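Working notes for the structure below.
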Amino acid sequence: MPGGMGSDLIKIIETEFDLDMKFIVMSGHAYPRVEKNNIDLALYPFLKKPLDIENLIETVELVLEASQWRL
């Protein structure tokens, strides 16, 4: 994201909009961390780059299953 980070987008959506969105974070860092804007990426499903497609599919399935239990 030119001039920003994915965590900036998460913060905007969570604080300025009344949307029930789920996020999956991807990063080249080995572990999720607290970003400069105080978003703790450890609170979200985390995928490390380079992306493994099987891990992506599994993570998306887990997030969708968890969302269904909240309805």
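The way I read the labels, and the way they are meant: chains A, B, ... in the order of the structure tokens, residue 1 as the first residue of every chain, and ligand 1 as the first ligand shown, with later ones counted on from there.
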Tell me, as a ChimeraX atom specification, which residues lie within 10 Å of range 59-65 of chain A, counting only C-alpha atoms; anything in the same chain fewer than 6 positions away does not count.
/A:22-24,44-47,53
A:Ile39, A:Met21, A:Met26, A:Val34: which is nearest Ser7 in chain A, counting only C-alpha atoms?
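Looking only at the distances to Ser7 in chain A, the closest residue turns out to be A:Ile39.
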When DSSP works through the backbone of this structure, what residues of chain A end up as strand (DSSP E or B), shown as a list of chain:residue names?
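So the strand (DSSP E or B) residues in chain A would be A:Val25, A:Met26, A:Ser27, A:Val34, A:Asp40, A:Phe46, A:Leu47, A:Lys48.
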Once DSSP has gone over the backbone, tell me which residues of chain A are in alpha helix (DSSP H), as a VMD selection string.
chain A and resid 6 to 16 53 to 70
Create the file for the chosen residues now, containing N, CA and C atoms and written as a PDB file, in the first residue's frame.
ATOM      1  N   GLY A   6      -1.281  -2.143   5.829  1.00  0.00           N
ATOM      2  CA  GLY A   6      -2.547  -2.836   5.946  1.00  0.00           C
ATOM      3  C   GLY A   6      -3.213  -2.588   7.283  1.00  0.00           C
ATOM      4  N   SER A   7      -2.399  -2.433   8.320  1.00  0.00           N
ATOM      5  CA  SER A   7      -2.972  -2.163   9.642  1.00  0.00           C
ATOM      6  C   SER A   7      -3.673  -0.803   9.681  1.00  0.00           C
ATOM      7  N   ASP A   8      -3.255   0.132   8.827  1.00  0.00           N
ATOM      8  CA  ASP A   8      -3.956   1.413   8.728  1.00  0.00           C
ATOM      9  C   ASP A   8      -5.386   1.192   8.226  1.00  0.00           C
ATOM     10  N   LEU A   9      -5.535   0.330   7.237  1.00  0.00           N
ATOM     11  CA  LEU A   9      -6.853   0.025   6.698  1.00  0.00           C
ATOM     12  C   LEU A   9      -7.721  -0.668   7.759  1.00  0.00           C
ATOM     13  N   ILE A  10      -7.145  -1.596   8.497  1.00  0.00           N
ATOM     14  CA  ILE A  10      -7.883  -2.264   9.574  1.00  0.00           C
ATOM     15  C   ILE A  10      -8.384  -1.235  10.583  1.00  0.00           C
ATOM     16  N   LYS A  11      -7.519  -0.332  10.977  1.00  0.00           N
ATOM     17  CA  LYS A  11      -7.886   0.682  11.980  1.00  0.00           C
ATOM     18  C   LYS A  11      -9.018   1.573  11.467  1.00  0.00           C
ATOM     19  N   ILE A  12      -8.940   1.988  10.226  1.00  0.00           N
ATOM     20  CA  ILE A  12      -9.986   2.838   9.645  1.00  0.00           C
ATOM     21  C   ILE A  12     -11.324   2.101   9.632  1.00  0.00           C
ATOM     22  N   ILE A  13     -11.320   0.879   9.150  1.00  0.00           N
ATOM     23  CA  ILE A  13     -12.571   0.120   9.045  1.00  0.00           C
ATOM     24  C   ILE A  13     -13.160  -0.156  10.426  1.00  0.00           C
ATOM     25  N   GLU A  14     -12.325  -0.518  11.381  1.00  0.00           N
ATOM     26  CA  GLU A  14     -12.832  -0.852  12.715  1.00  0.00           C
ATOM     27  C   GLU A  14     -13.283   0.369  13.512  1.00  0.00           C
ATOM     28  N   THR A  15     -12.709   1.527  13.272  1.00  0.00           N
ATOM     29  CA  THR A  15     -13.049   2.697  14.083  1.00  0.00           C
ATOM     30  C   THR A  15     -14.032   3.653  13.410  1.00  0.00           C
ATOM     31  N   GLU A  16     -14.040   3.710  12.087  1.00  0.00           N
ATOM     32  CA  GLU A  16     -14.858   4.705  11.410  1.00  0.00           C
ATOM     33  C   GLU A  16     -16.109   4.147  10.744  1.00  0.00           C
ATOM     34  N   ILE A  53      -0.318 -21.624  -0.368  1.00  0.00           N
ATOM     35  CA  ILE A  53      -1.721 -21.643  -0.779  1.00  0.00           C
ATOM     36  C   ILE A  53      -2.575 -22.545   0.123  1.00  0.00           C
ATOM     37  N   GLU A  54      -2.034 -23.671   0.550  1.00  0.00           N
ATOM     38  CA  GLU A  54      -2.794 -24.560   1.429  1.00  0.00           C
ATOM     39  C   GLU A  54      -3.069 -23.899   2.779  1.00  0.00           C
ATOM     40  N   ASN A  55      -2.093 -23.180   3.291  1.00  0.00           N
ATOM     41  CA  ASN A  55      -2.262 -22.451   4.551  1.00  0.00           C
ATOM     42  C   ASN A  55      -3.302 -21.338   4.391  1.00  0.00           C
ATOM     43  N   LEU A  56      -3.294 -20.671   3.246  1.00  0.00           N
ATOM     44  CA  LEU A  56      -4.278 -19.636   2.968  1.00  0.00           C
ATOM     45  C   LEU A  56      -5.685 -20.222   2.968  1.00  0.00           C
ATOM     46  N   ILE A  57      -5.873 -21.323   2.255  1.00  0.00           N
ATOM     47  CA  ILE A  57      -7.191 -21.953   2.170  1.00  0.00           C
ATOM     48  C   ILE A  57      -7.670 -22.376   3.558  1.00  0.00           C
ATOM     49  N   GLU A  58      -6.793 -22.988   4.327  1.00  0.00           N
ATOM     50  CA  GLU A  58      -7.141 -23.424   5.679  1.00  0.00           C
ATOM     51  C   GLU A  58      -7.525 -22.248   6.567  1.00  0.00           C
ATOM     52  N   THR A  59      -6.780 -21.167   6.478  1.00  0.00           N
ATOM     53  CA  THR A  59      -7.049 -19.985   7.299  1.00  0.00           C
ATOM     54  C   THR A  59      -8.387 -19.351   6.926  1.00  0.00           C
ATOM     55  N   VAL A  60      -8.650 -19.232   5.628  1.00  0.00           N
ATOM     56  CA  VAL A  60      -9.930 -18.664   5.175  1.00  0.00           C
ATOM     57  C   VAL A  60     -11.085 -19.537   5.656  1.00  0.00           C
ATOM     58  N   GLU A  61     -10.943 -20.849   5.538  1.00  0.00           N
ATOM     59  CA  GLU A  61     -11.996 -21.754   6.008  1.00  0.00           C
ATOM     60  C   GLU A  61     -12.251 -21.581   7.502  1.00  0.00           C
ATOM     61  N   LEU A  62     -11.183 -21.465   8.293  1.00  0.00           N
ATOM     62  CA  LEU A  62     -11.334 -21.288   9.742  1.00  0.00           C
ATOM     63  C   LEU A  62     -12.044 -19.973  10.078  1.00  0.00           C
ATOM     64  N   VAL A  63     -11.695 -18.909   9.378  1.00  0.00           N
ATOM     65  CA  VAL A  63     -12.328 -17.612   9.621  1.00  0.00           C
ATOM     66  C   VAL A  63     -13.808 -17.670   9.245  1.00  0.00           C
ATOM     67  N   LEU A  64     -14.116 -18.295   8.127  1.00  0.00           N
ATOM     68  CA  LEU A  64     -15.514 -18.403   7.704  1.00  0.00           C
ATOM     69  C   LEU A  64     -16.322 -19.272   8.666  1.00  0.00           C
ATOM     70  N   GLU A  65     -15.753 -20.361   9.129  1.00  0.00           N
ATOM     71  CA  GLU A  65     -16.437 -21.223  10.096  1.00  0.00           C
ATOM     72  C   GLU A  65     -16.700 -20.467  11.398  1.00  0.00           C
ATOM     73  N   ALA A  66     -15.716 -19.727  11.869  1.00  0.00           N
ATOM     74  CA  ALA A  66     -15.883 -18.950  13.111  1.00  0.00           C
ATOM     75  C   ALA A  66     -16.971 -17.886  12.930  1.00  0.00           C
ATOM     76  N   SER A  67     -17.054 -17.306  11.750  1.00  0.00           N
ATOM     77  CA  SER A  67     -18.068 -16.285  11.478  1.00  0.00           C
ATOM     78  C   SER A  67     -19.467 -16.876  11.513  1.00  0.00           C
ATOM     79  N   GLN A  68     -19.616 -18.106  11.042  1.00  0.00           N
ATOM     80  CA  GLN A  68     -20.928 -18.748  11.008  1.00  0.00           C
ATOM     81  C   GLN A  68     -21.438 -19.013  12.416  1.00  0.00           C
ATOM     82  N   TRP A  69     -20.555 -19.293  13.361  1.00  0.00           N
ATOM     83  CA  TRP A  69     -20.975 -19.579  14.733  1.00  0.00           C
ATOM     84  C   TRP A  69     -21.469 -18.310  15.433  1.00  0.00           C
ATOM     85  N   ARG A  70     -21.097 -17.154  14.930  1.00  0.00           N
ATOM     86  CA  ARG A  70     -21.494 -15.889  15.570  1.00  0.00           C
ATOM     87  C   ARG A  70     -22.866 -15.418  15.126  1.00  0.00           C
TER      88      ARG A  70
END
Measure the distance from CA of Tyr31 in chain A to CA of Asp18 in chain A in Å and round it to one decimal.
28.7 Å
Quick one: distance from CA of Lys48 in chain A to CA of Pro32 in chain A in Å, one decimal?
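One can read the CA of Lys48 in chain A to CA of Pro32 in chain A distance as 8.8 Å.
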Correct to one decimal, the distance CA of Phe17 in chain A-CA of Asn37 in chain A is 17.4 Å
